[in-house]
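Visitor: Structure incoming, see below.
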Amino acid sequence: MQRISEVVLLVAGFALGLCACHTVKVNKHKPWIETSYHGVITENMDIVQLDPPLVALDKDAPVPYAGEICAFKIHGLEAPFEAVVLNGTSGEGQLRAKGLVDCELQKEYTFIIQAHDCGAGPGGTGGKKSHKAVVHIQVNDVNEFSPVFREVQYHTAVTEGKIYDSILQVEATDQDCSSQYSQICNYQITTTNTPFAIDRNGYFEKQQQYEVLVTAFDCGQKRSTESVPVHIDVKPVCKPGWQGWDKRVDYEPGTGSKQLFPKMNLETCGGLLSSVRTTVELQTSHIGKGCDRETYSEKSLQKLCGASSGSTDLLPAPSTSTNWTASLVTDSERDSDLIFRFDGRQAAKIPDQVVPQNLTDQFTVATWMKHGPNPGLRAEKETLLCNSDKTEMNRHHYSLYVHNCRLVFLLRRDFIQVDTFRPAEFHWKLDQICDKEWHYYVINVEFPVVTLYVDGVTYDPYLVTDDWPIHPSQIDVQLTVGACWQGDDDGGEVTKPRFTQYFRGSLSGLTIRPGKIESQKVISCLQACKEGLDINSLESLGKGIKFHFNPAQSILVMEGEDLENMNAALRKVSYINSRQFPTPGIRHLHISTSVQCFGEDTCIFIPDIDAVVMVLQPSEPRITIAGVDRLTRPAADLRGPAGLTLFQDLHIISTVTKGDTASHHTAGRPGVQEEIIHNLDYCDILVLGEELRPEQESLQLQRSTLLGKHLDATNSTSGMSIYGVDSMSNYEQVIRQVYYHNWHPAQTPDRKFRLTCSELNGRYTSNEFTLEVSGLESGTIKIQEFQSAIFVTCCHKKRYFNITFPFSPGAPSAATVVIVICIAALVVVVVLGIYRIHLTHQQEGRNSDTTKERELDWDDSALNITVNPMEVRGRGD
């Protein structure tokens, strides 16, 4: 029996153990609800309409209690809501207001809600809670308030016989919380037979002495409980505002400063003013990069502004040597800057030989950028400049990008430079980054300090993040513009390299200068406007006149207490454009004025003025290159140490056509050609046909020739480019010193070179001047092509007879032969001439009646004898 008892006890114990295990596993799961809910409740109602509906799920279902929902609990500071369970089995719940909800007191509520299951038993023991979900409740408004006028009554005065856009504004308010019911949608004059009208904004039109009643309606068509009286008095005709100004002001290029309002004065209609404040704004954002600036190439501008040499232009004009920008989209017109537009699909890879090397602790990155927010793309980076691994990996060594309207500069150092945690990302948050206007950005790196200049104003980063240096590797890097070059995907699997993080906006003049930072003086010069507002004779401004220009001189604010002094000051405001060839077209002017009056709460209103400055088309220059277009020299000259000077007789001139009126041209009088002096910005010498063979020929220019000039030069097998903003005479001096060497002229005896010059980065270009060069080996004669043979040309009755005598330099009596032949030819021509005269006299005797009406052919045609003896050289030639 004892064993049986023990067995029973064991079995019972086992059963209890099973029971205990079963009890523990009854409530295994937490209830589940959505992570967030959005609800709407109408004020004075109690049921909240939730999206999505309030439903809690429990994986323990259909186990009783454990799979059922017993409660929804709200966590929040005094949230006037409660959640009730509608069905514990299905988990449905409902959100209700504890009391009346008033939209005027609070429009929105946010709180936390959790679901609780019923636990392991009827008592709710061992219950579990869901995660916390956020609930946002919006209170809908009910149109319960009527509009109320701000003033008990209104009073104004108007001038008889004048037409007014508006004479008075009444204003009513509504205490409802929503825009639908709190806004005033309409005003109505309830007085009958009144000559006035009122618009939906409360503005009156017209007037003598009248009193009218006005009522207001909100957007729910609820009417104000009381109407407001409006008193209107009639006064003599007078309209406050600026008088004596012209809608359009024409500006002739090259005339300096021109007054905009030489006869302007402010009419106050007898009102006594204590002060006047006027703002004149010149709007030029539609021109070039925000205003009329010089459109020279970036390198030329940097040299002109005194910037240090060594910068690399990453967005140059497309050419044979800078073809990486050929596929990009340009926004440039003929008279504007070189602008590249990126729409999220274009990017360019910078060739390895162009990429700046050895970016040390000091360097500068600069660019013009126009960028605006891109809806739906705020999470994406937009890359302006990126230096990343070319293959296998996706490490960004340095980059400049825009992210959520913030400018970020990334600089990852290599382990060979530093091996500690160092600053790597520099963030700036500025309104200019996304305002859709042009701005000039310069990043000066003096590691670990990085400074940003925007339009010449400095900004420190608001955030700097640190990172470890990049591990050394043998992977080549790729510099790109407009996107970043990525070698693999996010998963680490190597894929086909591609562009990513595309830029959307416009760029111009993107440069990198290694080894040196740019000075603020140079930065200001590079972004300076060439047009703006000006004040003639500052010293003659009246006392008490205060004025202020913005840095670009596009906005002028003037303030004074004396009206006459203010009138005189406004007359001195002028427009100036210092460019020799400004961009023609319209510049809008906007003038706004505010006044303060003595002892009055309300004062007169001065209407704004809108005018235009019309910059007329400048006289376009015609740049002409002239000189000897054919050179024939002995081969020894080409092989010599000095080489052959190509353009020794070069002349560059520029002319414009000027006439008094346009009628001159229509009347067949094309105007007068006048020579003008201006700068050039580049001249290109292009090799026509096959490129130069470096092993046997080259173009050369001594660097000393460039000293003291704003010029530089680049050389390649396709030609030579001389660039920089400098005078035509300096360009002439330098081009005349370009030498051509050919150590084996027999292999390439003939060469052609084409010379073209430009002003304003190609806005005005010269003619294409072509020069042919030929080299002669010893004993070689080319008749009628080179000056190495004798030509005797006889001209009679417009018939030309060329007698050519080939010459062999090896003959010992060459000079004697030349002299004898020339004398013989001369004798023959003289005899023919005498015979012709004799025949003419005989004809005159027979035809005396028509002698006066005829011209002798002999008189029309001169006797031309051209002798070009070969230049006698040594026997060894």
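To be explicit about the labels: the chains of the structure tokens are called A, B, and onward in the order shown, and within each one the residues are counted from 1, while ligands get numbers from 1 in the order they are shown.
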Quick one: everything within 10 Å of Val280 in chain A, counting only C-alpha atoms, minus sequence neighbours fewer than 6 positions away in the same chain. Send it as an mmCIF file with N, CA and C atoms, in the first residue's frame.

Guide:
```cif
data_model
loop_
_atom_site.group_PDB
_atom_site.id
_atom_site.type_symbol
_atom_site.label_atom_id
_atom_site.label_comp_id
_atom_site.auth_asym_id
_atom_site.auth_seq_id
_atom_site.Cartn_x
_atom_site.Cartn_y
_atom_site.Cartn_z
ATOM 1 N N LEU A 533 22.485 100.539 -57.552
ATOM 2 C CA LEU A 533 22.020 101.898 -57.266
ATOM 3 C C LEU A 533 23.178 102.739 -56.768
ATOM 4 N N PHE A 549 22.857 101.198 -47.928
ATOM 5 C CA PHE A 549 22.856 100.260 -49.049
ATOM 6 C C PHE A 549 23.061 98.844 -48.514
ATOM 7 N N SER A 554 21.798 96.846 -54.359
ATOM 8 C CA SER A 554 20.539 96.703 -55.083
ATOM 9 C C SER A 554 19.367 97.247 -54.275
ATOM 10 N N ILE A 555 19.563 97.542 -53.002
ATOM 11 C CA ILE A 555 18.515 98.092 -52.139
ATOM 12 C C ILE A 555 19.080 99.322 -51.428
ATOM 13 N N LEU A 556 18.357 100.417 -51.521
ATOM 14 C CA LEU A 556 18.733 101.668 -50.857
ATOM 15 C C LEU A 556 17.577 102.099 -49.968
ATOM 16 N N VAL A 557 17.886 102.361 -48.697
ATOM 17 C CA VAL A 557 16.895 102.850 -47.739
ATOM 18 C C VAL A 557 17.303 104.255 -47.334
ATOM 19 N N MET A 558 16.371 105.207 -47.501
ATOM 20 C CA MET A 558 16.629 106.599 -47.127
ATOM 21 C C MET A 558 15.559 107.041 -46.143
ATOM 22 N N LEU A 570 16.014 111.927 -53.079
ATOM 23 C CA LEU A 570 15.528 110.930 -54.036
ATOM 24 C C LEU A 570 15.904 111.304 -55.467
ATOM 25 N N VAL A 573 19.251 109.748 -56.602
ATOM 26 C CA VAL A 573 19.403 108.303 -56.755
ATOM 27 C C VAL A 573 19.587 107.980 -58.236
ATOM 28 N N LEU A 589 12.330 98.320 -61.066
ATOM 29 C CA LEU A 589 12.515 99.182 -59.891
ATOM 30 C C LEU A 589 11.234 99.169 -59.063
ATOM 31 N N HIS A 590 11.391 99.039 -57.757
ATOM 32 C CA HIS A 590 10.227 99.103 -56.868
ATOM 33 C C HIS A 590 10.550 100.081 -55.737
ATOM 34 N N ILE A 591 9.654 101.041 -55.543
ATOM 35 C CA ILE A 591 9.848 102.066 -54.511
ATOM 36 C C ILE A 591 8.664 102.017 -53.556
ATOM 37 N N SER A 592 8.947 101.824 -52.300
ATOM 38 C CA SER A 592 7.913 101.817 -51.267
ATOM 39 C C SER A 592 8.237 102.905 -50.244
ATOM 40 N N THR A 593 7.186 103.543 -49.725
ATOM 41 C CA THR A 593 7.345 104.682 -48.819
ATOM 42 C C THR A 593 6.393 104.547 -47.647
ATOM 43 N N ILE A 609 5.646 102.513 -56.081
ATOM 44 C CA ILE A 609 5.969 102.848 -57.466
ATOM 45 C C ILE A 609 6.678 101.655 -58.098
ATOM 46 N N ASP A 610 6.280 101.331 -59.322
ATOM 47 C CA ASP A 610 6.969 100.313 -60.113
ATOM 48 C C ASP A 610 7.408 100.942 -61.420
#
```

Visitor: Which polymer residues have any atom within 12 Å of an atom of range 342-347 of chain A, counting only C-alpha atoms, with same-chain residues fewer than 6 positions away left out, as a VMD selection string?

Guide: chain A and resid 314 to 315 324 to 331 369 to 372 374 377 380 to 386 479 to 485 498 to 508

Visitor: Hey, what's within 8 Å of range 283-286 of chain A if we count only C-alpha atoms and toss same-chain stuff fewer than 3 positions away? As a CSV table (one decimal) with N, CA, C and O atoms, in the first residue's frame, please?

Guide:
```
chain,number,residue,atom,x,y,z
A,289,LYS,N,23.8,85.6,-63.0
A,289,LYS,CA,23.8,85.0,-61.6
A,289,LYS,C,23.4,86.0,-60.6
A,289,LYS,O,24.1,86.4,-59.7
A,290,GLY,N,22.2,86.6,-60.8
A,290,GLY,CA,21.6,87.5,-59.8
A,290,GLY,C,21.8,88.9,-60.1
A,290,GLY,O,21.0,89.8,-59.6
A,291,CYS,N,22.7,89.3,-60.9
A,291,CYS,CA,22.9,90.7,-61.4
A,291,CYS,C,23.9,90.7,-62.5
A,291,CYS,O,24.4,89.6,-62.9
A,292,ASP,N,24.2,91.9,-63.1
A,292,ASP,CA,25.1,91.9,-64.2
A,292,ASP,C,26.5,91.9,-63.7
A,292,ASP,O,27.0,92.8,-63.1
A,437,GLU,N,17.6,81.4,-55.4
A,437,GLU,CA,18.4,82.6,-55.9
A,437,GLU,C,19.8,82.2,-56.0
A,437,GLU,O,20.3,81.3,-55.3
A,438,TRP,N,20.6,83.0,-56.8
A,438,TRP,CA,22.0,82.7,-56.9
A,438,TRP,C,22.8,83.2,-55.7
A,438,TRP,O,22.6,84.4,-55.3
A,554,SER,N,21.8,96.8,-54.4
A,554,SER,CA,20.5,96.7,-55.1
A,554,SER,C,19.4,97.2,-54.3
A,554,SER,O,18.3,97.4,-54.8
A,587,ARG,N,15.5,96.1,-66.1
A,587,ARG,CA,15.7,95.9,-64.7
A,587,ARG,C,14.5,96.6,-64.0
A,587,ARG,O,14.3,97.8,-64.2
A,588,HIS,N,13.8,95.9,-63.2
A,588,HIS,CA,12.6,96.4,-62.5
A,588,HIS,C,13.0,97.2,-61.3
A,588,HIS,O,14.0,96.9,-60.5
A,589,LEU,N,12.3,98.3,-61.1
A,589,LEU,CA,12.5,99.2,-59.9
A,589,LEU,C,11.2,99.2,-59.1
A,589,LEU,O,10.1,99.3,-59.6
A,590,HIS,N,11.4,99.0,-57.8
A,590,HIS,CA,10.2,99.1,-56.9
A,590,HIS,C,10.5,100.1,-55.7
A,590,HIS,O,11.6,100.0,-55.1
```

Visitor: Compile the contact shell of Cys405 in chain A as a list of chain:residue names: residues with an atom at most 6 Å away, counting only C-alpha atoms, same-chain residues fewer than 2 positions apart removed.

Guide: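 Contacts, with the query itself left out: A:His403, A:Ile433, A:Cys434.
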
Visitor: Closest to Ser224 in chain A among A:Arg277, A:Arg248, A:Ser146, A:Asn87, using only C-alpha atoms?

Guide: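 Checking each candidate against Ser224 in chain A, we get A:Ser146 as the closest.
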
Visitor: What separation in Å, quoted to one decimal, exists between CA of Thr322 in chain A and CA of Ile339 in chain A?

Guide: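 It comes out at 15.4 Å.
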
Visitor: Please list as a PyMOL selection string every residue within 6 Å of Thr632 in chain A, counting only C-alpha atoms and excluding residues in the same chain fewer than 6 positions away.

Guide: chain A and resi 773-775

Visitor: Please return as a ChimeraX atom specification: the residues of range 60-259 of chain A that backbone DSSP assigns to strand (DSSP E or B).

Guide: /A:69-75,81-87,92-97,108-117,129,133-140,148-149,154-159,169,172-173,184-189,197-198,203-205,210-218,223,228-235,241-243,248-251,257-259

Visitor: Kindly indicate which residue among A:Asp46, A:Thr320, A:Val477, A:Gln188 lies nearest to Thr717 in chain A, using only C-alpha atoms for the distances.

Guide: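 When distances to Thr717 in chain A are compared using only C-alpha atoms, the smallest one comes from A:Thr320.
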
Visitor: Do you know which residues are at most 9 Å from Arg150 in chain A counting only C-alpha atoms, after dropping those on the same chain fewer than 5 positions away, and could you put them as a list in words?

Guide: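 Using only C-alpha atoms, the neighbours found are Val170, Glu171, Ala172 and Thr173 of chain A.
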
Visitor: Only N, CA, C and O atoms, please: the residues just picked out, written as an mmCIF file, in the first residue's frame.

Guide:
```cif
data_model
loop_
_atom_site.group_PDB
_atom_site.id
_atom_site.type_symbol
_atom_site.label_atom_id
_atom_site.label_comp_id
_atom_site.auth_asym_id
_atom_site.auth_seq_id
_atom_site.Cartn_x
_atom_site.Cartn_y
_atom_site.Cartn_z
ATOM 1 N N VAL A 170 -12.757 98.419 -43.318
ATOM 2 C CA VAL A 170 -13.336 97.991 -42.056
ATOM 3 C C VAL A 170 -12.912 96.542 -41.824
ATOM 4 O O VAL A 170 -12.629 95.798 -42.769
ATOM 5 N N GLU A 171 -12.882 96.162 -40.578
ATOM 6 C CA GLU A 171 -12.399 94.817 -40.274
ATOM 7 C C GLU A 171 -13.208 94.217 -39.134
ATOM 8 O O GLU A 171 -13.437 94.875 -38.118
ATOM 9 N N ALA A 172 -13.659 93.003 -39.341
ATOM 10 C CA ALA A 172 -14.374 92.254 -38.310
ATOM 11 C C ALA A 172 -13.604 90.984 -37.996
ATOM 12 O O ALA A 172 -12.835 90.478 -38.823
ATOM 13 N N THR A 173 -13.815 90.468 -36.777
ATOM 14 C CA THR A 173 -13.160 89.226 -36.350
ATOM 15 C C THR A 173 -14.216 88.245 -35.879
ATOM 16 O O THR A 173 -15.358 88.602 -35.583
#
```

Visitor: So, counting only C-alpha atoms, which residue among A:Gly76, A:Gly833, A:Pro316, A:Pro253 is closest to Thr583 in chain A?

Guide: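 Checking each candidate against Thr583 in chain A, we get A:Pro253 as the closest.
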
Visitor: With a distance cut-off of 10 Å and only C-alpha atoms, select the neighbouring residues of Tyr764 in chain A, excluding the residue or stretch itself and same-chain residues fewer than 4 positions from it, and output the selection as a PyMOL selection string.

Guide: chain A and resi 334-335+581+620-623+680+757-760

Visitor: Please produce a file of those selected residues containing C-alpha atoms, as an mmCIF file, in the first residue's frame.

Guide:
```
data_model
loop_
_atom_site.group_PDB
_atom_site.id
_atom_site.type_symbol
_atom_site.label_atom_id
_atom_site.label_comp_id
_atom_site.auth_asym_id
_atom_site.auth_seq_id
_atom_site.Cartn_x
_atom_site.Cartn_y
_atom_site.Cartn_z
ATOM 1 C CA ARG A 334 24.834 84.484 -75.577
ATOM 2 C CA ASP A 335 25.050 87.501 -73.291
ATOM 3 C CA PHE A 581 29.251 95.689 -72.626
ATOM 4 C CA GLU A 620 28.802 95.169 -80.455
ATOM 5 C CA PRO A 621 32.521 95.172 -81.191
ATOM 6 C CA ARG A 622 33.947 93.523 -84.274
ATOM 7 C CA ILE A 623 37.303 92.013 -83.355
ATOM 8 C CA LEU A 680 40.244 90.248 -74.439
ATOM 9 C CA CYS A 757 40.297 85.680 -79.870
ATOM 10 C CA SER A 758 37.397 86.340 -77.517
ATOM 11 C CA GLU A 759 35.937 88.974 -75.246
ATOM 12 C CA LEU A 760 33.622 88.082 -72.341
#
```

Visitor: Please, which residues in range 294-333 of chain A fall within 9 Å of range 723-742 of chain A when counting only C-alpha atoms, and what is the closest atom pair and distance in Å to one decimal for each, ordered by chain then residue number, as CSV?

Guide:
```
residue,atom,partner,partner_atom,distance
A:Tyr296,CA,A:Val725,CA,7.8
A:Ser297,CA,A:Gly724,CA,8.5
A:Lys299,CA,A:Gly724,CA,7.3
A:Ser300,CA,A:Gly724,CA,4.5
A:Leu301,CA,A:Val725,CA,7.5
A:Lys303,CA,A:Gly724,CA,6.7
A:Leu304,CA,A:Val725,CA,6.4
```

Visitor: Pull N, CA, C and O atoms from the residues just selected and write them as a CSV table (one decimal), in the first residue's frame.

Guide:
```csv
chain,number,residue,atom,x,y,z
A,296,TYR,N,33.5,86.7,-67.8
A,296,TYR,CA,34.8,86.0,-68.1
A,296,TYR,C,34.8,84.6,-67.5
A,296,TYR,O,34.0,84.3,-66.6
A,297,SER,N,35.7,83.8,-68.0
A,297,SER,CA,35.9,82.5,-67.5
A,297,SER,C,36.3,82.6,-66.0
A,297,SER,O,36.9,83.6,-65.6
A,299,LYS,N,38.8,81.2,-64.5
A,299,LYS,CA,40.3,81.4,-64.4
A,299,LYS,C,40.6,82.9,-64.6
A,299,LYS,O,41.4,83.5,-63.9
A,300,SER,N,40.0,83.4,-65.6
A,300,SER,CA,40.2,84.8,-66.0
A,300,SER,C,39.8,85.8,-64.8
A,300,SER,O,40.5,86.7,-64.5
A,301,LEU,N,38.6,85.5,-64.3
A,301,LEU,CA,38.1,86.3,-63.2
A,301,LEU,C,39.0,86.2,-61.9
A,301,LEU,O,39.3,87.2,-61.3
A,303,LYS,N,42.2,85.6,-61.9
A,303,LYS,CA,43.4,86.4,-62.2
A,303,LYS,C,43.2,87.9,-62.1
A,303,LYS,O,44.0,88.6,-61.6
A,304,LEU,N,42.0,88.3,-62.6
A,304,LEU,CA,41.6,89.7,-62.6
A,304,LEU,C,41.4,90.2,-61.1
A,304,LEU,O,41.8,91.3,-60.8
```

Visitor: Go through A:Tyr398, A:Asp476, A:Ser257, A:Thr295 one by one, measure the shortest atom-to-atom distance of each to Asn577 in chain A using only C-alpha atoms, and give the residue with the smallest value.

Guide: A:Ser257

Visitor: What's the separation between CA of Ala746 in chain A and CA of Thr645 in chain A, in Å to one decimal place?

Guide: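 About the pair CA of Ala746 in chain A and CA of Thr645 in chain A: they are 18.8 Å apart.
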
Visitor: Take CA of Glu211 in chain A and CA of Tyr187 in chain A and report the distance between them in Å, one decimal.

Guide: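 That distance, rounded to one decimal, is 15.9 Å.
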
Visitor: Nearest to Ser619 in chain A: which of A:Tyr401, A:Glu252, A:Asp431, A:Asp352 is it, counting only C-alpha atoms?

Guide: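 Closest to Ser619 in chain A of all the choices is A:Glu252.
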
Visitor: Using DSSP secondary structure from the backbone, list all helix (DSSP H, G or I) positions within range 408-615 of chain A, as a PyMOL selection string.

Guide: chain A and resi 431-434+520-526+538-540+563-571

Visitor: Considering only C-alpha atoms, state which residue in the set A:Val450, A:Leu400, A:Val628, A:Ala348 is at the smallest distance from Leu463 in chain A.

Guide: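 For Leu463 in chain A, the nearest of the given residues is A:Val450.
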